[in-house]
file upload-v3.txt (compact mmCIF, C-alpha atoms)
# COMPACT_ATOMS: atom_id res chain seq x y z
CA MET A 96 3.00 -30.58 -1.36
CA THR A 97 4.94 -29.62 1.76
CA ILE A 98 8.52 -28.55 2.15
CA SER A 99 10.69 -30.96 4.19
CA GLN A 100 12.10 -29.84 7.53
CA SER A 101 15.69 -30.05 6.26
CA SER A 102 14.87 -27.93 3.19
CA PHE A 103 13.05 -25.39 5.33
CA ALA A 104 15.97 -25.26 7.77
CA PHE A 105 18.39 -24.62 4.88
CA VAL A 106 16.27 -21.80 3.43
CA SER A 107 15.61 -20.31 6.83
CA ASP A 108 19.35 -20.32 7.62
CA LEU A 109 20.19 -18.86 4.19
CA ALA A 110 17.68 -16.02 4.59
CA ARG A 111 18.94 -15.27 8.08
CA ARG A 112 22.60 -15.24 7.04
CA GLU A 113 22.18 -13.18 3.89
CA THR A 114 19.41 -10.75 4.81
CA ALA A 115 18.87 -11.25 8.58
CA MET A 116 15.23 -12.00 7.84
CA LEU A 117 13.60 -14.56 10.06
CA TYR A 118 11.59 -17.44 8.68
CA ASP A 119 10.70 -19.31 11.87
CA ALA A 120 8.80 -22.58 12.19
CA GLY A 121 5.25 -21.99 11.01
CA LYS A 122 6.40 -19.99 7.98
CA GLU A 123 6.89 -23.10 5.85
CA TYR A 124 3.85 -22.20 3.77
CA LEU A 125 5.33 -18.78 3.01
CA VAL A 126 8.70 -20.20 1.94
CA GLU A 127 6.92 -22.73 -0.22
CA ALA A 128 4.69 -20.10 -1.84
CA ARG A 129 7.67 -17.89 -2.62
CA LEU A 130 9.91 -20.65 -3.97
CA LEU A 131 7.41 -22.74 -5.92
CA PRO A 132 7.31 -20.45 -8.99
CA LEU A 133 11.14 -20.50 -9.08
CA ALA A 134 11.19 -24.29 -8.68
CA ARG A 135 8.86 -24.62 -11.66
CA ALA A 136 10.88 -22.16 -13.72
CA ALA A 137 14.06 -24.12 -12.93
CA GLY A 138 12.41 -27.38 -14.00
CA CYS A 139 12.48 -28.91 -10.52
CA ALA A 140 9.80 -31.42 -9.56
CA ASP A 141 9.05 -29.74 -6.24
CA VAL A 142 10.38 -27.21 -3.75
CA ASP A 143 12.59 -29.82 -2.03
CA ALA A 144 14.31 -30.60 -5.33
CA TYR A 145 14.77 -26.87 -5.86
CA VAL A 146 16.33 -26.45 -2.40
CA THR A 147 18.77 -29.27 -3.24
CA ARG A 148 19.80 -27.18 -6.24
CA LEU A 149 20.10 -24.05 -4.09
CA ARG A 150 22.78 -25.80 -2.03
CA ILE A 151 25.13 -25.81 -5.04
CA ASP A 152 23.87 -23.04 -7.33
CA GLN A 153 24.86 -19.55 -6.22
CA ALA A 154 22.97 -17.73 -9.00
CA GLU A 155 19.77 -19.58 -8.09
CA ARG A 156 20.36 -18.74 -4.41
CA ALA A 157 20.35 -15.04 -5.32
CA LYS A 158 17.01 -15.47 -7.11
CA ALA A 159 15.57 -17.37 -4.13
CA LEU A 160 16.66 -14.63 -1.71
CA ASP A 161 15.08 -12.07 -3.99
CA ALA A 162 11.78 -13.97 -3.91
CA LEU A 163 11.92 -14.51 -0.15
CA THR A 164 12.25 -10.80 0.60
CA ILE A 165 9.20 -9.69 -1.39
CA ASN A 166 6.49 -8.31 0.86
CA GLU A 167 2.83 -7.64 0.30
CA THR A 168 1.81 -4.05 0.17
CA SER A 169 -1.08 -1.82 -0.82
CA TRP A 170 -1.79 1.84 -1.52
CA PHE A 171 -2.18 3.99 1.59
CA ARG A 172 -1.76 0.82 3.67
CA ASP A 173 -3.60 1.12 7.01
CA ASN A 174 -4.67 4.67 6.07
CA ALA A 175 -3.97 6.21 9.51
CA PRO A 176 -0.20 6.73 8.95
CA TYR A 177 -0.97 8.69 5.79
CA GLN A 178 -3.54 10.75 7.67
CA ALA A 179 -0.83 11.49 10.26
CA PHE A 180 1.54 12.38 7.41
CA THR A 181 -0.90 14.90 5.93
CA GLU A 182 -2.22 16.37 9.18
CA LYS A 183 0.87 16.42 11.39
CA LEU A 184 4.20 15.33 9.92
CA LEU A 185 4.16 17.27 6.66
CA PRO A 186 2.84 20.54 8.18
CA ASP A 187 5.56 20.31 10.87
CA VAL A 188 8.28 19.70 8.31
CA LEU A 189 6.99 22.52 6.09
CA ALA A 190 7.19 24.89 9.05
CA ALA A 191 10.69 23.72 10.00
CA ARG A 192 12.13 23.71 6.47
CA ALA A 193 10.83 27.07 5.24
CA HIS A 194 14.46 28.18 4.74
CA VAL A 195 15.31 25.34 2.33
CA ARG A 196 11.83 24.62 0.91
CA HIS A 197 12.65 20.97 0.45
CA VAL A 198 11.28 17.80 2.03
CA SER A 199 13.23 14.53 2.02
CA ILE A 200 11.54 11.24 2.75
CA TRP A 201 12.80 7.66 2.95
CA SER A 202 10.50 4.75 2.13
CA ALA A 203 12.59 1.90 3.55
CA ALA A 204 11.84 -1.68 2.42
CA CYS A 205 9.67 -0.16 -0.28
CA SER A 206 8.67 -3.47 -1.89
CA SER A 207 6.82 -2.73 -5.15
CA GLY A 208 6.60 0.99 -4.37
CA GLN A 209 3.00 1.59 -3.34
CA GLU A 210 4.13 3.35 -0.15
CA ALA A 211 6.55 5.65 -2.00
CA TYR A 212 4.00 6.55 -4.67
CA SER A 213 1.21 7.00 -2.08
CA LEU A 214 3.46 9.56 -0.36
CA ALA A 215 4.25 11.15 -3.74
CA MET A 216 0.50 11.60 -4.36
CA LEU A 217 0.07 13.31 -1.00
CA LEU A 218 3.06 15.55 -1.66
CA ASP A 219 1.62 16.46 -5.05
CA GLN A 220 -1.60 17.50 -3.30
CA HIS A 221 -0.14 19.24 -0.24
CA LEU A 222 3.27 20.66 -1.10
CA PRO A 223 3.11 24.46 -1.40
CA ALA A 224 4.24 26.18 -4.60
CA GLY A 225 7.98 26.69 -4.81
CA TRP A 226 8.84 23.64 -2.70
CA THR A 227 10.63 20.50 -3.84
CA ALA A 228 10.46 16.98 -2.45
CA GLN A 229 12.17 13.69 -3.02
CA ILE A 230 11.38 10.21 -1.80
CA LEU A 231 14.16 7.64 -1.62
CA ALA A 232 12.69 4.15 -2.06
CA THR A 233 15.03 1.35 -1.01
CA ASP A 234 14.70 -2.40 -0.94
CA VAL A 235 16.93 -5.46 -0.70
CA SER A 236 15.24 -6.94 -3.78
CA PRO A 237 16.49 -5.72 -7.19
CA THR A 238 13.32 -7.15 -8.73
CA MET A 239 11.20 -4.89 -6.54
CA LEU A 240 13.33 -1.84 -7.31
CA ALA A 241 12.91 -2.48 -11.03
CA ARG A 242 9.14 -2.60 -10.45
CA VAL A 243 9.23 0.73 -8.61
CA ASP A 244 11.19 2.30 -11.47
CA ALA A 245 8.72 0.91 -14.01
CA GLY A 246 5.81 2.14 -11.87
CA ARG A 247 3.43 -0.43 -13.40
CA TYR A 248 0.77 -2.25 -11.44
CA SER A 249 -1.74 -5.00 -12.18
CA GLN A 250 -5.47 -4.48 -11.92
CA VAL A 251 -5.59 -6.48 -8.68
CA GLU A 252 -2.86 -4.28 -7.17
CA MET A 253 -4.66 -1.12 -8.28
CA ASN A 254 -7.78 -2.16 -6.40
CA ARG A 255 -5.93 -2.33 -3.09
CA GLY A 256 -6.66 0.91 -1.26
CA LEU A 257 -6.16 3.39 -4.08
CA PRO A 258 -8.97 5.97 -4.23
CA ALA A 259 -10.56 6.01 -7.69
CA THR A 260 -9.99 9.76 -7.92
CA SER A 261 -6.23 9.17 -7.48
CA LEU A 262 -6.29 6.37 -10.01
CA VAL A 263 -7.69 8.60 -12.73
CA LYS A 264 -5.45 11.51 -11.75
CA TYR A 265 -2.10 9.76 -11.50
CA PHE A 266 -2.30 6.60 -13.65
CA SER A 267 -2.80 5.67 -17.26
CA ARG A 268 -3.66 2.30 -18.77
CA VAL A 269 -0.87 0.40 -20.51
CA GLY A 270 -2.28 -2.85 -21.84
CA SER A 271 -3.62 -4.79 -18.88
CA GLU A 272 -1.60 -2.72 -16.40
CA TRP A 273 -1.63 0.81 -15.04
CA GLU A 274 1.41 3.08 -15.07
CA VAL A 275 2.09 5.86 -12.61
CA SER A 276 2.54 9.36 -14.05
CA ALA A 277 5.96 10.71 -14.98
CA GLU A 278 5.38 13.51 -12.49
CA LEU A 279 5.20 11.08 -9.55
CA LYS A 280 8.07 8.99 -10.92
CA ARG A 281 10.29 12.09 -10.87
CA MET A 282 9.68 12.40 -7.15
CA VAL A 283 10.79 8.84 -6.37
CA ARG A 284 14.40 7.64 -6.60
CA THR A 285 15.31 4.00 -5.98
CA GLN A 286 18.42 2.55 -4.36
CA HIS A 287 19.41 -0.98 -3.39
CA LEU A 288 19.77 -1.24 0.38
CA ASN A 289 19.92 -4.12 2.84
CA LEU A 290 18.61 -2.84 6.16
CA ALA A 291 20.56 -5.52 8.02
CA ALA A 292 23.92 -4.36 6.63
CA PRO A 293 25.73 -1.04 7.26
CA PHE A 294 23.97 1.71 5.30
CA PRO A 295 25.65 3.34 2.31
CA LEU A 296 26.08 7.12 2.44
CA LEU A 297 22.57 8.52 2.84
CA PRO A 298 21.24 12.06 3.19
CA THR A 299 19.43 13.30 6.28
CA PHE A 300 15.72 12.58 6.09
CA ASP A 301 12.83 14.62 7.43
CA ILE A 302 10.50 11.63 7.51
CA VAL A 303 11.29 7.90 7.43
CA PHE A 304 8.64 5.25 6.72
CA LEU A 305 10.03 1.95 8.03
CA ARG A 306 6.81 0.03 8.20
CA ASN A 307 6.07 -3.66 8.60
CA VAL A 308 9.64 -4.78 8.07
CA LEU A 309 11.25 -4.82 11.55
CA ILE A 310 8.96 -7.73 12.41
CA TYR A 311 11.08 -9.92 10.14
CA PHE A 312 14.30 -9.28 12.08
CA ASP A 313 15.58 -10.59 15.41
CA MET A 314 15.79 -8.25 18.40
CA GLU A 315 19.50 -7.49 18.03
CA THR A 316 19.13 -6.59 14.34
CA LYS A 317 16.05 -4.47 15.07
CA ARG A 318 17.99 -2.52 17.68
CA ASP A 319 20.92 -2.04 15.31
CA ILE A 320 18.66 -0.85 12.46
CA LEU A 321 16.89 1.65 14.75
CA GLN A 322 20.24 3.04 15.91
CA ARG A 323 21.47 3.47 12.35
CA VAL A 324 18.16 5.05 11.26
CA HIS A 325 18.48 7.42 14.21
CA ARG A 326 21.70 8.80 12.74
CA ILE A 327 20.06 9.81 9.44
CA VAL A 328 16.74 11.21 10.67
CA ALA A 329 16.84 14.98 11.18
CA PRO A 330 16.76 15.89 14.90
CA ASP A 331 13.29 17.35 14.37
CA GLY A 332 12.26 14.62 11.93
CA TYR A 333 9.91 11.68 12.19
CA LEU A 334 10.03 7.89 12.01
CA LEU A 335 6.92 5.83 11.32
CA LEU A 336 6.87 2.11 12.05
CA GLY A 337 4.16 -0.51 11.36
CA SER A 338 1.18 -0.60 13.69
CA SER A 339 2.55 -3.66 15.52
CA GLU A 340 6.11 -2.30 15.75
CA THR A 341 7.69 -0.04 18.36
CA THR A 342 11.01 1.39 19.53
CA LEU A 343 10.01 0.59 23.12
CA ASP A 344 12.52 -1.64 24.92
CA MET A 345 14.76 -1.60 21.88
CA ASP A 346 16.32 1.81 21.52
CA ASP A 347 15.85 4.62 24.05
CA HIS A 348 17.10 7.25 21.63
CA TRP A 349 13.55 7.72 20.37
CA GLY A 350 10.67 9.71 21.77
CA ARG A 351 7.11 8.62 21.01
CA GLU A 352 4.08 10.76 20.25
CA ALA A 353 0.53 9.67 19.51
CA HIS A 354 -1.26 11.16 16.55
CA GLY A 355 -4.72 9.67 16.13
CA ARG A 356 -4.34 5.93 15.98
CA VAL A 357 -0.69 6.25 14.98
CA GLN A 358 2.39 6.42 17.15
CA VAL A 359 5.13 8.52 15.57
CA HIS A 360 8.75 8.39 16.71
CA ARG A 361 11.14 11.31 16.96
CA PRO A 362 14.82 11.39 17.87
CA ALA A 363 15.00 12.11 21.60
CA THR A 364 16.10 15.73 22.01
CA THR A 365 18.92 15.09 24.47
CA THR A 366 20.80 12.60 22.37
CA ARG A 367 22.36 14.85 19.78
CA ALA A 368 22.22 18.28 18.21
CA THR A 369 23.13 18.41 14.55
CA THR A 370 21.94 20.61 11.76
CA ALA A 371 18.46 19.93 10.47
CA THR A 372 19.35 20.79 6.91
CA ALA A 373 19.39 17.92 4.45
CA VAL A 374 22.98 17.07 3.54
CA GLY A 375 24.06 15.92 0.11
CA TRP A 376 20.49 15.91 -1.13
CA HIS A 377 19.77 17.59 -4.38
CA PRO A 378 16.27 19.00 -4.58
CA THR A 379 15.73 18.33 -8.27
CA ALA A 380 12.70 16.14 -8.09
CA MET A 381 9.57 18.22 -8.32
CA THR A 382 8.12 21.58 -7.60
CA GLY A 383 4.97 22.09 -5.59
CA ALA A 384 1.96 23.02 -7.69
CA MET B 77 -25.83 -0.58 7.92
CA HIS B 78 -27.48 -1.82 4.72
CA ALA B 79 -25.87 -2.68 1.41
CA LEU B 80 -27.67 -3.10 -1.90
CA ILE B 81 -25.81 -5.44 -4.26
CA ILE B 82 -26.66 -4.82 -7.91
CA ASP B 83 -25.28 -7.34 -10.39
CA ASP B 84 -26.89 -9.59 -13.00
CA SER B 85 -24.58 -12.44 -12.01
CA ARG B 86 -25.98 -14.45 -9.12
CA ALA B 87 -22.47 -15.80 -8.41
CA MET B 88 -21.04 -12.29 -8.16
CA ARG B 89 -23.90 -11.17 -5.89
CA SER B 90 -23.15 -14.14 -3.67
CA ILE B 91 -19.42 -13.29 -3.48
CA LEU B 92 -20.15 -9.65 -2.62
CA ARG B 93 -22.86 -10.65 -0.16
CA ARG B 94 -20.42 -12.84 1.77
CA ILE B 95 -17.82 -10.06 1.92
CA VAL B 96 -20.13 -7.32 3.17
CA THR B 97 -22.09 -9.63 5.47
CA ASP B 98 -18.79 -10.53 7.17
CA LEU B 99 -18.29 -6.79 7.67
CA GLY B 100 -21.64 -6.54 9.47
CA PHE B 101 -23.86 -5.23 6.67
CA GLU B 102 -27.40 -6.42 6.08
CA THR B 103 -27.93 -6.94 2.37
CA LEU B 104 -30.52 -6.47 -0.36
CA GLU B 105 -29.98 -7.62 -3.93
CA ALA B 106 -31.02 -6.60 -7.42
CA GLY B 107 -30.31 -8.14 -10.83
CA HIS B 108 -30.30 -4.81 -12.69
CA GLY B 109 -30.51 -1.05 -12.17
CA GLN B 110 -34.30 -0.78 -12.45
CA GLU B 111 -34.84 -3.47 -9.80
CA ALA B 112 -32.41 -1.58 -7.55
CA LEU B 113 -34.23 1.69 -8.20
CA ASP B 114 -37.49 -0.04 -7.25
CA HIS B 115 -35.98 -0.88 -3.85
CA LEU B 116 -35.06 2.77 -3.25
CA GLU B 117 -38.42 4.08 -4.43
CA ALA B 118 -40.14 1.64 -2.06
CA GLY B 119 -38.24 3.24 0.82
CA ARG B 120 -35.56 0.59 1.13
CA VAL B 121 -32.71 3.10 0.95
CA PRO B 122 -29.34 1.50 1.73
CA ASP B 123 -26.18 3.10 3.09
CA LEU B 124 -24.13 1.53 0.30
CA CYS B 125 -24.74 0.31 -3.25
CA LEU B 126 -22.28 -2.03 -4.98
CA ILE B 127 -23.01 -1.60 -8.68
CA ASP B 128 -22.08 -3.58 -11.75
CA TRP B 129 -21.91 -1.57 -15.00
CA ASN B 130 -23.20 -3.90 -17.70
CA MET B 131 -26.63 -5.28 -16.83
CA PRO B 132 -29.91 -5.83 -18.71
CA VAL B 133 -32.90 -3.44 -18.38
CA MET B 134 -30.90 -0.64 -16.72
CA ASP B 135 -27.10 -0.49 -16.55
CA GLY B 136 -25.13 0.61 -13.50
CA TYR B 137 -24.11 3.96 -14.94
CA THR B 138 -27.74 4.93 -15.58
CA PHE B 139 -28.63 3.77 -12.06
CA VAL B 140 -25.96 6.09 -10.62
CA THR B 141 -27.29 9.08 -12.58
CA LYS B 142 -30.88 8.30 -11.47
CA VAL B 143 -29.86 8.06 -7.80
CA ARG B 144 -27.96 11.33 -8.02
CA GLU B 145 -31.01 13.10 -9.52
CA ASN B 146 -32.94 12.55 -6.28
CA PRO B 147 -31.71 14.69 -3.36
CA ASP B 148 -33.44 12.35 -0.89
CA TRP B 149 -30.82 9.74 -1.74
CA ARG B 150 -27.75 11.97 -1.51
CA ASP B 151 -26.38 10.09 1.52
CA VAL B 152 -26.24 6.77 -0.32
CA THR B 153 -22.64 5.74 -1.03
CA LEU B 154 -22.23 4.41 -4.56
CA MET B 155 -19.39 2.06 -5.49
CA MET B 156 -18.99 0.58 -8.96
CA VAL B 157 -17.78 -3.04 -9.05
CA THR B 158 -17.29 -3.83 -12.70
CA THR B 159 -15.12 -5.27 -15.46
CA GLU B 160 -15.20 -1.86 -17.19
CA SER B 161 -11.58 -0.81 -16.78
CA GLU B 162 -11.02 2.01 -19.27
CA HIS B 163 -9.68 5.22 -17.78
CA GLY B 164 -12.48 7.20 -19.45
CA GLN B 165 -15.19 4.95 -18.03
CA ILE B 166 -13.89 5.42 -14.48
CA VAL B 167 -13.82 9.20 -14.96
CA ARG B 168 -17.38 9.04 -16.33
CA ALA B 169 -18.69 7.06 -13.36
CA LEU B 170 -17.02 9.38 -10.85
CA ALA B 171 -18.36 12.44 -12.68
CA ALA B 172 -21.86 10.94 -12.57
CA GLY B 173 -21.63 10.63 -8.80
CA ALA B 174 -20.06 7.28 -7.97
CA HIS B 175 -17.83 7.57 -4.89
CA GLU B 176 -15.54 4.64 -5.58
CA TYR B 177 -14.65 2.14 -8.26
CA VAL B 178 -13.44 -1.46 -8.01
CA ILE B 179 -12.42 -3.29 -11.15
CA LYS B 180 -13.11 -7.02 -11.47
CA PRO B 181 -11.32 -9.26 -10.74
CA PHE B 182 -10.80 -8.18 -7.14
CA THR B 183 -9.80 -9.78 -3.85
CA PRO B 184 -12.12 -9.48 -0.81
CA ASP B 185 -9.47 -7.23 0.76
CA ALA B 186 -9.95 -4.74 -2.07
CA ILE B 187 -13.62 -4.26 -1.11
CA VAL B 188 -12.68 -3.88 2.57
CA ASP B 189 -9.93 -1.35 1.68
CA LYS B 190 -12.36 0.74 -0.35
CA LEU B 191 -15.07 0.68 2.32
CA GLU B 192 -12.45 1.84 4.83
CA LEU B 193 -11.50 4.67 2.47
CA LEU B 194 -15.17 5.62 2.31
CA GLY B 195 -15.38 5.61 6.10
CA LEU B 196 -18.06 2.88 6.10
CA VAL B 197 -15.79 0.33 7.73
CA GLN B 198 -13.13 0.76 10.38
CA GLY B 199 -10.87 -2.09 11.48
CA GLY B 200 -13.04 -4.67 9.71
CA VAL B 201 -16.39 -3.57 11.22
CA PRO B 202 -18.96 -0.93 10.18
CA ALA B 203 -17.83 2.55 11.29
call {"tool": "encode", "arguments": {"input": "upload-v3.txt", "output": "structure tokens"}}
result
Amino acid sequence: MTISQSSFAFVSDLARRETAMLYDAGKEYLVEARLLPLARAAGCADVDAYVTRLRIDQAERAKALDALTINETSWFRDNAPYQAFTEKLLPDVLAARAHVRHVSIWSAACSSGQEAYSLAMLLDQHLPAGWTAQILATDVSPTMLARVDAGRYSQVEMNRGLPATSLVKYFSRVGSEWEVSAELKRMVRTQHLNLAAPFPLLPTFDIVFLRNVLIYFDMETKRDILQRVHRIVAPDGYLLLGSSETTLDMDDHWGREAHGRVQVHRPATTTRATTATAVGWHPTAMTGA
Amino acid sequence: MHALIIDDSRAMRSILRRIVTDLGFETLEAGHGQEALDHLEAGRVPDLCLIDWNMPVMDGYTFVTKVRENPDWRDVTLMMVTTESEHGQIVRALAAGAHEYVIKPFTPDAIVDKLELLGLVQGGVPA
């Protein structure tokens, strides 16, 4: 089965208008894979029939957008960014925030939450006693946010990059799934957020993980997102992008530093000078062990 | 780099062989723990063992304990690849000396991810 060009054009236009995500020619297979389960659930014969329904059914359109914005993810994805987090970013933030003893992190486009919980595991292992930390996990998909809150993962998902020692330390079996510990859940707060739209009121973050999502946006939207992220990263904070993403040629308000195989981004020092203290952020999440 | 694939299912050995061969490993195979132990005792000591739990003659858990009893084999990386998915079983295997644990069913990516975690593979090729 293949999706027709007119159906693909409709879905591509819908996704672009509503979420600014790009589904260019060549991504037909992806659109089909994401929409086929919904087409079946809606009793449609194929994806084309489902797209015909999308043209007139607003509730179904919302479901389709939800499915289109789901991204694949794994624990400690690509490894190197987490190594940079443990070896460089977190020690720097701990040194700079000794007066408040709190670390605030944003996992943007968090998908099913593996990034947020991977960071929570590292914080559990490396945060000194007496410190608190909170991770804000945001996504455009309410379905994904509900999954993060539930903190439950299938066996196949658990196999993807999670060290066995972390599995036994932080997860328990619930039927055929695994559930993350209450301790890690307390560190992670979820919030609905569309990166392409103006941000709601957000605190200042010490570290922002915005990985493997900019690739889905056009250049103008990428630039706009980077500028808005710039305003909520602490002046001495860090931004991490995906390995194929960069701020180069898009926003000159960022400085770039290499750490191992990872390039980390920091607000350029000349652009602004605001307080580094987290604003409106309540350190209630967890205490370092 | 050499990998020893220990599983009583020929189909599973074939799946694992394809995955690790694509990563640049040369492979040896065994249908149970004793046959695997025979390889090691004959001097065919691999860098990595992929080990099923439930097998005839000698199970994977016993194989792990036997390997860990011999200091000459301390550099061998041991990874369970098994349907045993109870929390307690995973703890038991790790305590016995297994380095990693993959629960069946798995995707090829899961094996690659784990081998990267273990430092045996970097960017899809042996480290």
call {"tool": "residues_around", "arguments": {"input": "upload-v3.txt", "residues": "Asp161 (chain A)", "least_positions_apart": "2", "cutoff": "9 Å", "atoms": "only C-alpha atoms", "output": "NGL selection string"}}
result
:A and (156-159 or 163-165 or 235-239)
call {"tool": "closest_atom_pairs", "arguments": {"input": "upload-v3.txt", "of": "chain A", "to": "chain B", "cutoff": "6 Å", "atoms": "all atoms listed in the file", "output": "Markdown table"}}
result
| residue | atom | partner | partner_atom | distance |
| --- | --- | --- | --- | --- |
| A:Val251 | CA | B:Phe182 | CA | 5.7 |
| A:Asn254 | CA | B:Ala186 | CA | 5.5 |
| A:Arg255 | CA | B:Ala186 | CA | 4.8 |
| A:Gly256 | CA | B:Asp189 | CA | 4.9 |
| A:Ala259 | CA | B:Glu176 | CA | 5.6 |
call {"tool": "residues_near_point", "arguments": {"input": "upload-v3.txt", "point": "(10.2, 6.6, 4.2)", "cutoff": "12 Å", "atoms": "all atoms listed in the file", "output": "ChimeraX atom specification"}}
result
/A:176-177,180,198-206,208-215,229-234,283-285,299-307,324,327-328,332-337
call {"tool": "atom_distance", "arguments": {"input": "upload-v3.txt", "atom1": "CA of Leu290 (chain A)", "atom2": "CA of Gln322 (chain A)"}}
result
11.5 Å
call {"tool": "atom_distance", "arguments": {"input": "upload-v3.txt", "atom1": "CA of Arg268 (chain A)", "atom2": "CA of Leu154 (chain B)"}}
result
23.5 Å
call {"tool": "residues_around", "arguments": {"input": "upload-v3.txt", "residues": "region 103-112 of chain A", "least_positions_apart": "5", "cutoff": "10 Å", "atoms": "all atoms listed in the file", "output": "PyMOL selection string"}}
result
chain A and resi 97-98+117-120+122-124+126-127+130+142-143+146-147+149-150+156+159-161+163-164+291+311-313
call {"tool": "build_atoms", "arguments": {"input": "upload-v3.txt", "residues": "region 224-244 of chain A", "atoms": "N, CA and C atoms", "output": "PDB file, in the coordinates of the input"}}
result
ATOM      1  N   ALA A 224       3.506  25.767  -3.404  1.00  0.00           N
ATOM      2  CA  ALA A 224       4.240  26.180  -4.600  1.00  0.00           C
ATOM      3  C   ALA A 224       5.652  26.611  -4.209  1.00  0.00           C
ATOM      4  N   GLY A 225       6.598  26.272  -5.046  1.00  0.00           N
ATOM      5  CA  GLY A 225       7.980  26.690  -4.810  1.00  0.00           C
ATOM      6  C   GLY A 225       8.786  25.704  -3.965  1.00  0.00           C
ATOM      7  N   TRP A 226       8.152  24.651  -3.487  1.00  0.00           N
ATOM      8  CA  TRP A 226       8.840  23.640  -2.700  1.00  0.00           C
ATOM      9  C   TRP A 226       9.227  22.449  -3.589  1.00  0.00           C
ATOM     10  N   THR A 227      10.264  21.740  -3.168  1.00  0.00           N
ATOM     11  CA  THR A 227      10.630  20.500  -3.840  1.00  0.00           C
ATOM     12  C   THR A 227      10.575  19.365  -2.817  1.00  0.00           C
ATOM     13  N   ALA A 228      10.474  18.147  -3.343  1.00  0.00           N
ATOM     14  CA  ALA A 228      10.460  16.980  -2.450  1.00  0.00           C
ATOM     15  C   ALA A 228      11.071  15.801  -3.182  1.00  0.00           C
ATOM     16  N   GLN A 229      11.724  14.933  -2.417  1.00  0.00           N
ATOM     17  CA  GLN A 229      12.170  13.690  -3.020  1.00  0.00           C
ATOM     18  C   GLN A 229      11.984  12.540  -2.032  1.00  0.00           C
ATOM     19  N   ILE A 230      11.597  11.420  -2.595  1.00  0.00           N
ATOM     20  CA  ILE A 230      11.380  10.210  -1.800  1.00  0.00           C
ATOM     21  C   ILE A 230      12.411   9.177  -2.243  1.00  0.00           C
ATOM     22  N   LEU A 231      13.223   8.717  -1.311  1.00  0.00           N
ATOM     23  CA  LEU A 231      14.160   7.640  -1.620  1.00  0.00           C
ATOM     24  C   LEU A 231      13.463   6.320  -1.272  1.00  0.00           C
ATOM     25  N   ALA A 232      13.329   5.457  -2.271  1.00  0.00           N
ATOM     26  CA  ALA A 232      12.690   4.150  -2.060  1.00  0.00           C
ATOM     27  C   ALA A 232      13.779   3.085  -2.119  1.00  0.00           C
ATOM     28  N   THR A 233      13.973   2.368  -1.028  1.00  0.00           N
ATOM     29  CA  THR A 233      15.030   1.350  -1.010  1.00  0.00           C
ATOM     30  C   THR A 233      14.438  -0.020  -0.711  1.00  0.00           C
ATOM     31  N   ASP A 234      15.112  -1.033  -1.226  1.00  0.00           N
ATOM     32  CA  ASP A 234      14.700  -2.400  -0.940  1.00  0.00           C
ATOM     33  C   ASP A 234      15.905  -3.307  -1.156  1.00  0.00           C
ATOM     34  N   VAL A 235      15.850  -4.481  -0.542  1.00  0.00           N
ATOM     35  CA  VAL A 235      16.930  -5.460  -0.700  1.00  0.00           C
ATOM     36  C   VAL A 235      16.740  -6.243  -1.996  1.00  0.00           C
ATOM     37  N   SER A 236      15.546  -6.150  -2.578  1.00  0.00           N
ATOM     38  CA  SER A 236      15.240  -6.940  -3.780  1.00  0.00           C
ATOM     39  C   SER A 236      15.385  -6.108  -5.048  1.00  0.00           C
ATOM     40  N   PRO A 237      16.357  -6.437  -5.910  1.00  0.00           N
ATOM     41  CA  PRO A 237      16.490  -5.720  -7.190  1.00  0.00           C
ATOM     42  C   PRO A 237      15.237  -5.834  -8.053  1.00  0.00           C
ATOM     43  N   THR A 238      14.551  -6.960  -7.951  1.00  0.00           N
ATOM     44  CA  THR A 238      13.320  -7.150  -8.730  1.00  0.00           C
ATOM     45  C   THR A 238      12.285  -6.099  -8.328  1.00  0.00           C
ATOM     46  N   MET A 239      12.163  -5.882  -7.025  1.00  0.00           N
ATOM     47  CA  MET A 239      11.200  -4.890  -6.540  1.00  0.00           C
ATOM     48  C   MET A 239      11.597  -3.487  -6.973  1.00  0.00           C
ATOM     49  N   LEU A 240      12.886  -3.179  -6.911  1.00  0.00           N
ATOM     50  CA  LEU A 240      13.330  -1.840  -7.310  1.00  0.00           C
ATOM     51  C   LEU A 240      13.040  -1.584  -8.793  1.00  0.00           C
ATOM     52  N   ALA A 241      13.217  -2.628  -9.597  1.00  0.00           N
ATOM     53  CA  ALA A 241      12.910  -2.480 -11.030  1.00  0.00           C
ATOM     54  C   ALA A 241      11.414  -2.213 -11.210  1.00  0.00           C
ATOM     55  N   ARG A 242      10.583  -2.833 -10.368  1.00  0.00           N
ATOM     56  CA  ARG A 242       9.140  -2.600 -10.450  1.00  0.00           C
ATOM     57  C   ARG A 242       8.794  -1.156 -10.059  1.00  0.00           C
ATOM     58  N   VAL A 243       9.488  -0.651  -9.035  1.00  0.00           N
ATOM     59  CA  VAL A 243       9.230   0.730  -8.610  1.00  0.00           C
ATOM     60  C   VAL A 243       9.596   1.691  -9.748  1.00  0.00           C
ATOM     61  N   ASP A 244      10.757   1.441 -10.369  1.00  0.00           N
ATOM     62  CA  ASP A 244      11.190   2.300 -11.470  1.00  0.00           C
ATOM     63  C   ASP A 244      10.184   2.254 -12.630  1.00  0.00           C
TER      64      ASP A 244
END
